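*Asks:* Pasting coords23.cif below, which is mmCIF, C-alpha atoms and all ligand atoms.
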```
data_coords
#
loop_
_atom_site.label_atom_id
_atom_site.label_comp_id
_atom_site.auth_asym_id
_atom_site.auth_seq_id
_atom_site.Cartn_x
_atom_site.Cartn_y
_atom_site.Cartn_z
CA MET A 22 0.00 0.00 0.00
CA PRO A 23 1.26 3.50 -0.77
CA PHE A 24 1.77 6.37 1.64
CA LEU A 25 -0.73 9.09 0.83
CA LEU A 26 1.90 11.80 0.31
CA ASP A 27 3.66 9.72 -2.33
CA LEU A 28 0.68 9.87 -4.69
CA PRO A 29 -0.11 12.58 -7.22
CA THR A 30 -3.54 14.17 -6.93
CA ARG A 31 -4.97 12.30 -9.91
CA ASP A 32 -4.09 8.93 -8.33
CA LEU A 33 -5.65 10.05 -5.05
CA GLU A 34 -8.80 11.12 -6.90
CA GLN A 35 -8.98 7.67 -8.46
CA ILE A 36 -8.53 5.91 -5.11
CA PHE A 37 -11.19 8.08 -3.45
CA SER A 38 -13.55 7.43 -6.33
CA ASP A 39 -12.89 3.65 -6.14
CA LEU A 40 -13.74 3.86 -2.44
CA ASN A 41 -16.99 5.67 -3.30
CA LEU A 42 -15.80 8.81 -1.56
CA PRO A 43 -16.80 12.10 -3.23
CA ALA A 44 -14.04 14.42 -4.47
CA TRP A 45 -14.67 16.95 -1.71
CA ARG A 46 -13.59 14.32 0.83
CA LEU A 47 -10.12 14.49 -0.69
CA LYS A 48 -10.21 18.27 -0.39
CA GLN A 49 -11.04 17.90 3.30
CA VAL A 50 -8.16 15.50 3.85
CA ARG A 51 -5.76 17.80 2.01
CA ARG A 52 -6.90 20.73 4.13
CA TRP A 53 -6.16 18.76 7.29
CA ILE A 54 -2.71 17.83 6.06
CA PHE A 55 -1.54 21.11 4.50
CA ALA A 56 -3.44 23.76 6.45
CA ARG A 57 -4.18 22.17 9.78
CA ARG A 58 -1.04 20.13 10.38
CA THR A 59 -3.02 17.01 11.14
CA PHE A 60 -1.48 13.78 9.92
CA ASP A 61 -3.63 11.26 11.73
CA PHE A 62 -6.81 10.16 9.94
CA ASN A 63 -8.45 9.60 13.36
CA ALA A 64 -8.07 13.27 14.22
CA MET A 65 -9.80 14.48 11.03
CA THR A 66 -13.01 15.16 12.88
CA ASP A 67 -15.17 16.33 10.00
CA LEU A 68 -14.89 12.86 8.46
CA SER A 69 -17.20 10.16 9.74
CA LYS A 70 -15.65 7.31 11.73
CA ASP A 71 -16.30 4.97 8.78
CA VAL A 72 -14.49 7.22 6.33
CA ARG A 73 -11.53 7.58 8.70
CA ALA A 74 -11.34 3.81 9.12
CA THR A 75 -11.55 3.24 5.35
CA LEU A 76 -8.70 5.68 4.74
CA ALA A 77 -6.56 4.10 7.44
CA GLN A 78 -7.06 0.74 5.72
CA HIS A 79 -6.15 1.94 2.24
CA PHE A 80 -2.97 3.88 2.89
CA SER A 81 0.23 2.86 4.61
CA LEU A 82 0.68 4.29 8.07
CA GLY A 83 3.89 5.18 9.86
CA ARG A 84 5.01 3.67 13.14
CA ASP A 85 3.10 6.32 15.07
CA GLY A 86 -0.11 5.44 13.21
CA SER A 87 -0.11 8.70 11.22
CA LEU A 88 -0.06 9.02 7.45
CA LEU A 89 3.60 10.14 7.59
CA SER A 90 6.07 7.37 6.88
CA SER A 91 8.89 8.80 8.97
CA ARG A 92 9.78 8.65 12.63
CA LEU A 93 11.14 11.76 14.33
CA VAL A 94 14.49 10.62 15.74
CA THR A 95 15.87 13.87 17.12
CA HIS A 96 14.90 17.52 17.30
CA THR A 97 17.67 19.92 18.31
CA GLY A 98 18.14 23.62 18.84
CA SER A 99 14.55 24.51 19.62
CA SER A 100 15.50 27.69 21.43
CA ASP A 101 17.93 28.77 18.71
CA ALA A 102 17.47 30.54 15.38
CA ALA A 103 17.90 27.14 13.78
CA GLU A 104 16.12 23.93 14.63
CA LYS A 105 17.06 20.65 13.12
CA ILE A 106 15.18 17.39 12.83
CA LEU A 107 16.44 13.95 11.90
CA LEU A 108 13.83 11.68 10.34
CA GLU A 109 14.06 7.95 9.90
CA PHE A 110 12.17 6.28 7.05
CA PRO A 111 10.76 2.73 7.18
CA ASP A 112 13.88 1.27 5.52
CA GLY A 113 16.00 2.62 8.40
CA HIS A 114 17.64 5.44 6.41
CA CYS A 115 17.73 8.94 7.86
CA VAL A 116 17.68 12.47 6.51
CA GLU A 117 18.02 15.82 8.18
CA SER A 118 16.02 18.98 7.68
CA VAL A 119 16.39 22.43 9.19
CA LEU A 120 14.06 25.25 10.17
CA LEU A 121 15.68 28.70 10.10
CA ARG A 122 14.24 31.91 11.49
CA ASP A 123 15.76 35.28 10.83
CA ASP A 124 15.24 38.85 11.95
CA ARG A 125 13.17 39.64 8.84
CA ASP A 126 10.58 37.21 10.11
CA HIS A 127 11.41 34.66 7.45
CA ARG A 128 10.74 31.10 8.48
CA THR A 129 12.62 28.89 6.07
CA ALA A 130 12.56 25.12 5.71
CA CYS A 131 15.74 23.52 4.35
CA VAL A 132 15.14 20.01 3.05
CA SER A 133 17.13 17.06 1.70
CA THR A 134 16.43 15.31 -1.61
CA GLN A 135 18.59 12.20 -1.28
CA VAL A 136 19.97 9.91 1.40
CA GLY A 137 23.68 10.66 1.06
CA CYS A 138 25.10 12.28 -2.05
CA GLN A 139 27.22 11.17 -4.97
CA MET A 140 28.73 14.58 -5.83
CA GLY A 141 31.70 14.11 -3.50
CA CYS A 142 32.45 17.80 -2.82
CA VAL A 143 35.60 17.54 -0.73
CA PHE A 144 34.53 19.99 1.99
CA CYS A 145 31.02 18.59 2.58
CA ALA A 146 29.89 16.09 5.21
CA SER A 147 26.89 14.86 3.17
CA GLY A 148 28.85 12.87 0.64
CA MET A 149 31.38 11.35 3.02
CA ASP A 150 29.56 8.05 3.16
CA GLY A 151 28.50 8.06 -0.47
CA PHE A 152 25.07 7.89 -2.00
CA ILE A 153 22.30 5.59 -0.80
CA ARG A 154 19.05 6.47 -2.56
CA ASN A 155 16.72 9.13 -3.83
CA LEU A 156 13.93 10.34 -1.56
CA THR A 157 10.35 9.97 -2.75
CA ARG A 158 7.87 12.79 -3.34
CA GLY A 159 6.25 12.02 0.01
CA GLU A 160 9.54 11.88 1.89
CA ILE A 161 10.42 15.37 0.63
CA LEU A 162 6.96 16.68 1.57
CA GLU A 163 7.11 15.13 5.05
CA GLN A 164 10.21 17.11 5.90
CA ILE A 165 8.42 20.34 4.99
CA LEU A 166 5.24 19.46 6.85
CA ARG A 167 7.08 18.38 9.98
CA LEU A 168 9.17 21.57 10.05
CA ASN A 169 6.04 23.66 9.55
CA ALA A 170 4.41 21.82 12.46
CA LEU A 171 7.23 22.96 14.75
CA LEU A 172 5.99 26.55 14.38
CA PRO A 173 3.35 28.06 16.65
CA ASP A 174 -0.19 27.84 15.20
CA ALA A 175 -0.23 31.48 14.17
CA GLU A 176 2.94 31.11 12.09
CA ARG A 177 3.77 29.15 8.98
CA LEU A 178 6.75 28.60 6.73
CA THR A 179 7.45 31.58 4.50
CA HIS A 180 10.28 30.10 2.42
CA LEU A 181 11.63 26.77 1.27
CA VAL A 182 15.22 26.05 0.25
CA VAL A 183 16.25 22.75 -1.26
CA MET A 184 19.75 22.86 0.19
CA GLY A 185 19.92 19.86 2.48
CA THR A 186 21.68 16.62 1.64
CA GLY A 187 21.69 15.43 -1.95
CA GLU A 188 21.77 16.85 -5.46
CA PRO A 189 18.25 18.04 -6.34
CA MET A 190 18.80 17.92 -10.11
CA LEU A 191 19.40 14.17 -9.88
CA ASN A 192 16.01 13.64 -8.27
CA LEU A 193 13.71 15.91 -10.26
CA PRO A 194 11.01 13.22 -10.78
CA ALA A 195 10.33 13.30 -7.02
CA LEU A 196 11.30 16.91 -6.33
CA LEU A 197 9.19 18.67 -8.96
CA PRO A 198 5.92 16.98 -7.90
CA ALA A 199 6.71 17.71 -4.24
CA LEU A 200 7.33 21.38 -5.05
CA ALA A 201 4.17 21.49 -7.19
CA GLU A 202 2.21 20.27 -4.18
CA ILE A 203 3.77 22.73 -1.77
CA THR A 204 3.11 25.65 -4.13
CA SER A 205 -0.38 24.54 -5.17
CA SER A 206 -3.27 26.72 -4.04
CA ASP A 207 -5.11 23.74 -2.62
CA GLY A 208 -1.89 22.36 -1.12
CA PHE A 209 0.41 24.40 1.07
CA ASP A 210 0.17 27.44 -1.23
CA LEU A 211 3.73 28.74 -0.96
CA ALA A 212 4.67 31.23 -3.71
CA ASN A 213 7.06 29.96 -6.43
CA ARG A 214 9.45 32.82 -5.83
CA ARG A 215 9.87 31.72 -2.23
CA VAL A 216 11.25 28.35 -3.25
CA THR A 217 14.99 28.05 -3.99
CA VAL A 218 16.63 24.99 -5.48
CA SER A 219 20.39 24.76 -4.95
CA THR A 220 22.49 22.69 -7.33
CA VAL A 221 26.11 21.76 -7.83
CA GLY A 222 25.41 22.81 -11.43
CA ILE A 223 24.07 20.03 -13.65
CA PRO A 224 23.18 21.64 -17.00
CA ASP A 225 20.61 19.02 -18.10
CA GLY A 226 18.78 19.32 -14.78
CA ILE A 227 18.85 23.12 -14.83
CA ARG A 228 17.39 23.11 -18.35
CA ALA A 229 14.77 20.51 -17.39
CA MET A 230 13.72 22.75 -14.53
CA ALA A 231 13.54 25.75 -16.85
CA ALA A 232 11.41 23.72 -19.27
CA ALA A 233 8.98 22.77 -16.52
CA HIS A 234 7.77 26.40 -16.41
CA VAL A 235 7.87 26.63 -12.65
CA PRO A 236 9.98 29.68 -11.96
CA TYR A 237 11.57 28.69 -8.68
CA LYS A 238 14.72 30.49 -7.68
CA LEU A 239 17.90 28.78 -8.74
CA ALA A 240 21.11 28.80 -6.70
CA ILE A 241 24.32 27.38 -8.11
CA SER A 242 27.11 26.19 -5.83
CA LEU A 243 30.05 27.66 -7.68
CA HIS A 244 32.66 27.81 -4.89
CA ALA A 245 35.62 28.45 -7.21
CA PRO A 246 36.35 30.92 -10.02
CA ASN A 247 38.29 28.62 -12.38
CA ASP A 248 38.08 25.03 -13.58
CA VAL A 249 41.34 23.88 -11.99
CA LEU A 250 40.27 24.79 -8.46
CA ARG A 251 36.60 23.93 -8.96
CA SER A 252 37.43 20.45 -10.27
CA GLU A 253 39.55 19.92 -7.19
CA ILE A 254 36.91 20.82 -4.60
CA VAL A 255 33.71 20.07 -6.57
CA PRO A 256 34.67 16.90 -8.50
CA GLN A 257 31.45 17.00 -10.55
CA ASN A 258 33.02 19.97 -12.35
CA ARG A 259 35.46 17.64 -14.14
CA HIS A 260 32.56 16.38 -16.25
CA VAL A 261 30.96 19.76 -16.84
CA GLY A 262 33.22 22.81 -16.61
CA ILE A 263 32.29 26.25 -15.37
CA GLN A 264 31.37 27.67 -18.79
CA ASN A 265 28.73 24.98 -19.32
CA VAL A 266 27.30 25.63 -15.88
CA LEU A 267 27.12 29.36 -16.63
CA ALA A 268 25.50 28.73 -20.03
CA ALA A 269 22.77 26.64 -18.36
CA SER A 270 22.32 29.32 -15.74
CA ASP A 271 21.93 31.97 -18.47
CA ASP A 272 19.29 29.78 -20.12
CA TYR A 273 17.47 29.51 -16.80
CA PHE A 274 17.44 33.26 -16.39
CA ARG A 275 16.16 33.75 -19.95
CA ALA A 276 13.42 31.15 -19.52
CA THR A 277 12.18 32.25 -16.09
CA GLY A 278 13.28 35.85 -15.57
CA ARG A 279 14.60 34.83 -12.16
CA ARG A 280 17.98 36.21 -11.20
CA VAL A 281 20.33 33.31 -10.43
CA THR A 282 22.24 33.17 -7.14
CA PHE A 283 25.82 31.92 -7.12
CA GLU A 284 26.80 30.41 -3.82
CA TYR A 285 30.45 30.69 -2.90
CA ILE A 286 31.65 29.18 0.33
CA LEU A 287 34.81 30.83 1.57
CA ILE A 288 37.39 28.31 2.72
CA ASP A 289 40.58 29.55 4.36
CA GLN A 290 43.73 29.26 2.20
CA CYS A 291 41.75 27.70 -0.61
CA ASN A 292 39.37 29.90 -2.62
CA SER A 293 39.24 33.11 -0.61
CA SER A 294 42.11 35.32 -1.81
CA ARG A 295 41.85 38.72 -3.50
CA THR A 296 42.89 37.10 -6.79
CA HIS A 297 40.05 34.59 -6.52
CA ALA A 298 37.61 37.44 -5.93
CA LEU A 299 38.83 39.30 -9.03
CA GLU A 300 38.63 36.14 -11.09
CA LEU A 301 35.08 35.52 -9.87
CA ALA A 302 34.10 39.08 -10.77
CA ASN A 303 35.43 38.59 -14.31
CA LEU A 304 33.47 35.38 -14.66
CA LEU A 305 30.16 36.92 -13.62
CA ARG A 306 30.48 40.42 -15.05
CA GLY A 307 27.55 41.36 -17.26
CA ARG A 308 25.25 38.72 -15.79
CA THR A 309 22.13 39.45 -13.79
CA ALA A 310 23.30 37.53 -10.77
CA ILE A 311 24.02 37.79 -7.11
CA VAL A 312 26.80 36.10 -5.16
CA ASN A 313 26.07 34.66 -1.75
CA LEU A 314 29.29 34.43 0.21
CA ILE A 315 29.11 31.79 2.92
CA PRO A 316 31.99 31.42 5.40
CA TYR A 317 32.73 27.69 5.49
CA ASN A 318 31.23 25.80 8.38
CA ALA A 319 33.98 23.53 9.72
CA VAL A 320 33.33 19.78 9.71
CA ALA A 321 35.14 17.85 12.45
CA GLU A 322 36.56 15.12 10.19
CA LEU A 323 37.77 17.48 7.46
CA PRO A 324 40.86 19.71 7.29
CA TYR A 325 39.12 22.81 5.83
CA LYS A 326 38.81 25.96 7.92
CA THR A 327 36.69 29.08 8.10
CA PRO A 328 38.56 32.20 7.00
CA SER A 329 38.90 35.26 9.24
CA ALA A 330 36.22 37.93 9.24
CA ALA A 331 38.73 40.24 7.54
CA THR A 332 39.22 37.80 4.66
CA VAL A 333 35.46 37.50 4.19
CA ALA A 334 35.06 41.28 4.25
CA GLN A 335 37.88 41.77 1.73
CA PHE A 336 36.41 39.21 -0.66
CA ALA A 337 33.01 40.89 -0.49
CA ARG A 338 34.53 44.35 -0.98
CA VAL A 339 36.49 43.31 -4.08
CA LEU A 340 33.34 41.88 -5.67
CA GLU A 341 31.40 45.03 -4.87
CA GLU A 342 34.11 47.26 -6.28
CA GLU A 343 33.95 45.20 -9.44
CA GLY A 344 30.21 45.83 -9.70
CA ILE A 345 29.02 42.39 -8.61
CA GLN A 346 26.04 42.18 -6.25
CA VAL A 347 27.01 40.31 -3.15
CA LYS A 348 25.57 39.20 0.17
CA VAL A 349 27.44 37.62 3.04
CA ARG A 350 25.46 34.85 4.66
CA PHE A 351 26.48 33.23 7.86
CA ARG A 352 25.33 29.66 8.14
CA LYS A 353 23.06 29.65 11.12
CA GLY A 354 22.94 26.82 13.52
CA ASP A 355 26.53 25.68 13.55
CA LYS A 356 25.83 24.80 17.18
CA ILE A 357 23.41 22.13 16.00
CA ASP A 358 25.67 20.70 13.27
CA ALA A 359 23.49 22.40 10.69
CA ALA A 360 25.98 22.06 7.88
CA CYS A 361 24.85 19.39 5.47
CA GLY A 362 25.04 15.86 6.60
CA GLN A 363 26.63 16.44 9.96
CA LEU A 364 23.73 15.40 12.15
CA ARG A 365 23.00 12.26 10.20
CA ARG A 366 26.66 11.23 10.44
CA ALA A 367 26.77 11.93 14.17
CA PHE A 368 23.63 9.84 14.66
CA ARG A 369 24.98 6.93 12.65
CA ALA A 370 28.27 7.07 14.53
CA ARG A 371 26.36 6.81 17.82
CA GLN A 372 24.35 3.86 16.49
CA GLU A 373 27.52 2.11 15.40
CA ASN A 374 29.26 2.56 18.76
N1 LIG B 1 23.85 19.54 -3.93
C1 LIG B 1 23.30 20.86 -3.84
C2 LIG B 1 22.51 21.13 -2.59
C3 LIG B 1 23.02 20.66 -1.27
S1 LIG B 1 24.39 21.45 -0.49
C4 LIG B 1 24.36 21.89 -4.06
O1 LIG B 1 25.51 21.53 -4.26
O2 LIG B 1 24.04 23.08 -4.08
C5 LIG B 1 23.85 23.07 -0.06
C6 LIG B 1 25.00 24.06 0.00
O3 LIG B 1 25.79 23.89 1.21
C7 LIG B 1 25.96 23.93 -1.16
O4 LIG B 1 26.32 25.21 -1.62
C8 LIG B 1 27.15 23.24 -0.49
O5 LIG B 1 28.32 23.39 -1.23
C9 LIG B 1 27.16 23.93 0.87
N2 LIG B 1 27.95 23.28 1.92
C10 LIG B 1 28.23 21.97 2.08
N3 LIG B 1 28.99 21.78 3.18
C11 LIG B 1 29.19 22.99 3.72
C12 LIG B 1 29.91 23.45 4.87
N4 LIG B 1 30.54 22.61 5.67
N5 LIG B 1 29.91 24.78 5.13
C13 LIG B 1 29.24 25.64 4.32
N6 LIG B 1 28.55 25.26 3.23
C14 LIG B 1 28.54 23.95 2.92
#
```
Would you mind writing the file out in structure tokens?
*Replies:*
Amino acid sequence: MPFLLDLPTRDLEQIFSDLNLPAWRLKQVRRWIFARRTFDFNAMTDLSKDVRATLAQHFSLGRDGSLLSSRLVTHTGSSDAAEKILLEFPDGHCVESVLLRDDRDHRTACVSTQVGCQMGCVFCASGMDGFIRNLTRGEILEQILRLNALLPDAERLTHLVVMGTGEPMLNLPALLPALAEITSSDGFDLANRRVTVSTVGIPDGIRAMAAAHVPYKLAISLHAPNDVLRSEIVPQNRHVGIQNVLAASDDYFRATGRRVTFEYILIDQCNSSRTHALELANLLRGRTAIVNLIPYNAVAELPYKTPSAATVAQFARVLEEEGIQVKVRFRKGDKIDAACGQLRRAFRARQEN
């Protein structure tokens, strides 16, 4: 039996119709799930007991008896600006998801698209144990719904970033339907422009997303201003090359009108010199783009370090002087291992001990 969140609306309509339930019953159920944060059929009190029982018999239920497949393993940082949850799916695999609040009253969910990652970026904790599997549509949605349910009743998520573990462009068949649901007016109804998908830069995926006519924001993890350095720290670049990534990004901008964000993590003694900044400015000059500078968040097992505040400021200043729009973003929640993949690894290490 399927989990309800894994099914597209048309399949759900068919199931409801096969069960002799009118279409408005499905609307009621969707309202409970997306607007009222209720994931237990038994608590959907405007459905008769019979209808609730029928639904519970025709969809898979999680260990807690709800329609969510996952189990909440840990929830950390609840008093902080960043909260993190670790979810375990029925096959025993875990993913992490983060809720970020900022002083502009943004409440942002950051979700994973894969268990592990095959991109192998040398500075990142997510890929250290390789790739395990893609998440399903429902598993992506569950992360969003569970993070939203952490908020007080009067608040809801205002933004979604697909920047957790995994490479989103390699799981578009699950990701695009999940995003369609979360942006649909009878789903969670989040605006397209408040959804950002972050990619290592896979041209085919970027173009597929452009062709889907869903103008989400696109962020590209550039991290280096030339192919020699980028291929060293983002191995995927060996197969693609920066110019091909930029060409796909230009196509995305043309197709959607959305300004592309280039993410650039600043790693000490690696990609953060004045020369790197000038090289980056030359690469991006003339493009409608913005650079997000992110001081590297140190990972215990890895040798890379965060640069000094002065280095970060100098890098930003050089870009600005060269006419490039730039924002410095501090990764919130380093106290809760919020950098990709760190919580899942810590949890697995504890299990193995
Ligand atoms: N695969 C996608 C999305 C997941 S990673 C991508 O590459 O964009 C989300 C972002 O976090 C990427 O920019 C990634 O390079 C960055 N990141 C990974 N580990 C980090 C760390 N320790 N500190 C800061 N940023 C990190």
*Asks:* Could you work out how far atom CA of Leu181 of chain A lies from atom CA of Val216 of chain A, giving the answer in Å with one decimal?
*Replies:*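 The value is 4.8 Å.
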*Asks:* Using all atoms of ligand LIG 1 (chain B) that appear in the file, construct an axis-aligned enclosing box with 4 Å of padding on every side and provide its centre coordinates and edge lengths in Å, rounded to one decimal, as AutoDock Vina command-line options.
*Replies:*
```
--center_x 26.5 --center_y 22.6 --center_z 0.7 --size_x 16.0 --size_y 14.1 --size_z 17.9
```
*Asks:* Quick one: residues within 9 Å of Glu109 of chain A, all atoms listed in the file, excluding same-chain residues fewer than 2 positions away - as a PyMOL selection string?
*Replies:* chain A and resi 90-94+107+111-117
*Asks:* Give me the residues near Ala195 of chain A as an NGL selection string, where near means some atom within 10 Å (using all atoms listed in the file) and where sequence neighbours in that chain fewer than 2 positions away do not count.
*Replies:* :A and (27 or 134 or 155-162 or 189 or 191-193 or 197-200)
*Asks:* What does the distance between atom CA of Gln335 of chain A and atom CA of Arg280 of chain A come to in Å, to one decimal place?
*Replies:*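 Atom CA of Gln335 of chain A sits 24.4 Å away from atom CA of Arg280 of chain A.
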*Asks:* Please return, as a short mmCIF file (atom, residue, chain, number, x, y, z; two decimals) with C-alpha atoms, in the coordinates of the input, all polymer residues that have at least one atom within 7 Å of the point (36.2, 29.0, 3.5); use all atoms listed in the file and the file's own coordinate frame.
*Replies:*
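Saved as selection15.cif:
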```
data_model
loop_
_atom_site.label_atom_id
_atom_site.label_comp_id
_atom_site.auth_asym_id
_atom_site.auth_seq_id
_atom_site.Cartn_x
_atom_site.Cartn_y
_atom_site.Cartn_z
CA ILE A 286 31.65 29.18 0.33
CA LEU A 287 34.81 30.83 1.57
CA ILE A 288 37.39 28.31 2.72
CA ASP A 289 40.58 29.55 4.36
CA ASN A 292 39.37 29.90 -2.62
CA SER A 293 39.24 33.11 -0.61
CA PRO A 316 31.99 31.42 5.40
CA TYR A 317 32.73 27.69 5.49
CA LYS A 326 38.81 25.96 7.92
CA THR A 327 36.69 29.08 8.10
CA PRO A 328 38.56 32.20 7.00
#
```
*Asks:* With all atoms listed in the file as the atoms that count, which of A:Ile223, A:Cys145, A:Ala337, A:Leu299 lies nearest to ligand LIG 1 (chain B)?
*Replies:*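 Nearest to ligand LIG 1 (chain B): A:Cys145.
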*Asks:* May I ask which of the residues A:His244, A:His96, A:Arg338, A:Arg214 is the closest one to ligand LIG 1 (chain B), counting all atoms listed in the file?
*Replies:*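 Nearest candidate to ligand LIG 1 (chain B) out of A:His244, A:His96, A:Arg338, A:Arg214: A:His244.
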*Asks:* What are the closest atom pairs, with distances in Å to one decimal, for each residue of chain A lying within 8 Å of ligand LIG 1 (chain B), using all atoms listed in the file, rows by chain and rising residue number, as JSON lines?
*Replies:*
```
{"residue": "A:Ser133", "atom": "CA", "partner": "B:LIG1", "partner_atom": "C3", "distance": 7.5}
{"residue": "A:Cys138", "atom": "CA", "partner": "B:LIG1", "partner_atom": "N1", "distance": 7.6}
{"residue": "A:Met140", "atom": "CA", "partner": "B:LIG1", "partner_atom": "N1", "distance": 7.2}
{"residue": "A:Cys142", "atom": "CA", "partner": "B:LIG1", "partner_atom": "O5", "distance": 7.1}
{"residue": "A:Phe144", "atom": "CA", "partner": "B:LIG1", "partner_atom": "N3", "distance": 5.9}
{"residue": "A:Cys145", "atom": "CA", "partner": "B:LIG1", "partner_atom": "N3", "distance": 3.8}
{"residue": "A:Ala146", "atom": "CA", "partner": "B:LIG1", "partner_atom": "N3", "distance": 6.1}
{"residue": "A:Ser147", "atom": "CA", "partner": "B:LIG1", "partner_atom": "N3", "distance": 7.2}
{"residue": "A:Val183", "atom": "CA", "partner": "B:LIG1", "partner_atom": "C2", "distance": 6.6}
{"residue": "A:Met184", "atom": "CA", "partner": "B:LIG1", "partner_atom": "C5", "distance": 4.1}
{"residue": "A:Gly185", "atom": "CA", "partner": "B:LIG1", "partner_atom": "C3", "distance": 4.9}
{"residue": "A:Thr186", "atom": "CA", "partner": "B:LIG1", "partner_atom": "C3", "distance": 5.2}
{"residue": "A:Gly187", "atom": "CA", "partner": "B:LIG1", "partner_atom": "N1", "distance": 5.0}
{"residue": "A:Glu188", "atom": "CA", "partner": "B:LIG1", "partner_atom": "N1", "distance": 3.7}
{"residue": "A:Pro189", "atom": "CA", "partner": "B:LIG1", "partner_atom": "N1", "distance": 6.3}
{"residue": "A:Val218", "atom": "CA", "partner": "B:LIG1", "partner_atom": "C2", "distance": 7.6}
{"residue": "A:Ser219", "atom": "CA", "partner": "B:LIG1", "partner_atom": "O2", "distance": 4.1}
{"residue": "A:Thr220", "atom": "CA", "partner": "B:LIG1", "partner_atom": "O2", "distance": 3.6}
{"residue": "A:Val221", "atom": "CA", "partner": "B:LIG1", "partner_atom": "O1", "distance": 3.6}
{"residue": "A:Gly222", "atom": "CA", "partner": "B:LIG1", "partner_atom": "O1", "distance": 7.3}
{"residue": "A:Ala240", "atom": "CA", "partner": "B:LIG1", "partner_atom": "O2", "distance": 6.9}
{"residue": "A:Ile241", "atom": "CA", "partner": "B:LIG1", "partner_atom": "O2", "distance": 5.9}
{"residue": "A:Ser242", "atom": "CA", "partner": "B:LIG1", "partner_atom": "O4", "distance": 4.4}
{"residue": "A:Leu243", "atom": "CA", "partner": "B:LIG1", "partner_atom": "O4", "distance": 7.5}
{"residue": "A:His244", "atom": "CA", "partner": "B:LIG1", "partner_atom": "O5", "distance": 7.2}
{"residue": "A:Glu284", "atom": "CA", "partner": "B:LIG1", "partner_atom": "O4", "distance": 5.7}
{"residue": "A:Tyr285", "atom": "CA", "partner": "B:LIG1", "partner_atom": "O4", "distance": 7.0}
{"residue": "A:Ile286", "atom": "CA", "partner": "B:LIG1", "partner_atom": "N6", "distance": 5.8}
{"residue": "A:Ile315", "atom": "CA", "partner": "B:LIG1", "partner_atom": "C13", "distance": 6.3}
{"residue": "A:Pro316", "atom": "CA", "partner": "B:LIG1", "partner_atom": "C13", "distance": 6.5}
{"residue": "A:Tyr317", "atom": "CA", "partner": "B:LIG1", "partner_atom": "N5", "distance": 4.1}
{"residue": "A:Asn318", "atom": "CA", "partner": "B:LIG1", "partner_atom": "N5", "distance": 3.7}
{"residue": "A:Ala319", "atom": "CA", "partner": "B:LIG1", "partner_atom": "N4", "distance": 5.4}
{"residue": "A:Val320", "atom": "CA", "partner": "B:LIG1", "partner_atom": "N4", "distance": 5.7}
{"residue": "A:Arg352", "atom": "CA", "partner": "B:LIG1", "partner_atom": "C13", "distance": 6.8}
{"residue": "A:Ala360", "atom": "CA", "partner": "B:LIG1", "partner_atom": "N4", "distance": 5.1}
{"residue": "A:Cys361", "atom": "CA", "partner": "B:LIG1", "partner_atom": "N3", "distance": 5.3}
{"residue": "A:Gly362", "atom": "CA", "partner": "B:LIG1", "partner_atom": "N3", "distance": 7.9}
```
*Asks:* Using all atoms listed in the file, determine which residues lie at most 8 Å from segment 86-88 of chain A, disregarding the query and same-chain residues fewer than 3 positions distant; provide the list as a PyMOL selection string.
*Replies:* chain A and resi 24-26+60-62+80-83
*Asks:* Hey, which of A:Ile36, A:Ala74, A:Leu89, A:Val143 ends up closest to Val255 of chain A? Count all atoms listed in the file.
*Replies:*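 Of A:Ile36, A:Ala74, A:Leu89, A:Val143, the one nearest Val255 of chain A, counting all atoms listed in the file, is A:Val143.
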*Asks:* Between A:Thr179, A:Gln49, A:Gln257, A:Asn63, single out the one closest to Asp123 of chain A, counting only C-alpha atoms.
*Replies:* A:Thr179
*Asks:* In Å, rounded to a single decimal, give me how far atom CA of His127 of chain A is from atom CA of Val281 of chain A.
*Replies:*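 Rounded to one decimal, the two atoms are 20.0 Å apart.
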*Asks:* Contacts of segment 342-347 of chain A at 10 Å or less, counting only C-alpha atoms, minus same-chain residues fewer than 6 places along, as a PyMOL selection string?
*Replies:* chain A and resi 282-284+298-299+301-303+305-314+336
*Asks:* Counting only C-alpha atoms, I want the residues whose atoms come within 12 Å of (-13.4, 7.7, 7.5) in the file frame, returned as number ranges by chain.
*Replies:* A: 37, 40-42, 46-47, 49-50, 61-79
*Asks:* Counting all atoms listed in the file, which of A:Ala130, A:Ile227, A:Leu250, A:Leu323 gets nearest to Glu300 of chain A?
*Replies:*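 Comparing A:Ala130, A:Ile227, A:Leu250, A:Leu323 against Glu300 of chain A, the winner is A:Leu250.
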*Asks:* For Arg177 of chain A, which of A:Val249, A:Arg58, A:Ala229, A:Arg154 is the closest residue, counting all atoms listed in the file?
*Replies:*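 Using all atoms listed in the file, Arg177 of chain A sits closest to A:Arg58.
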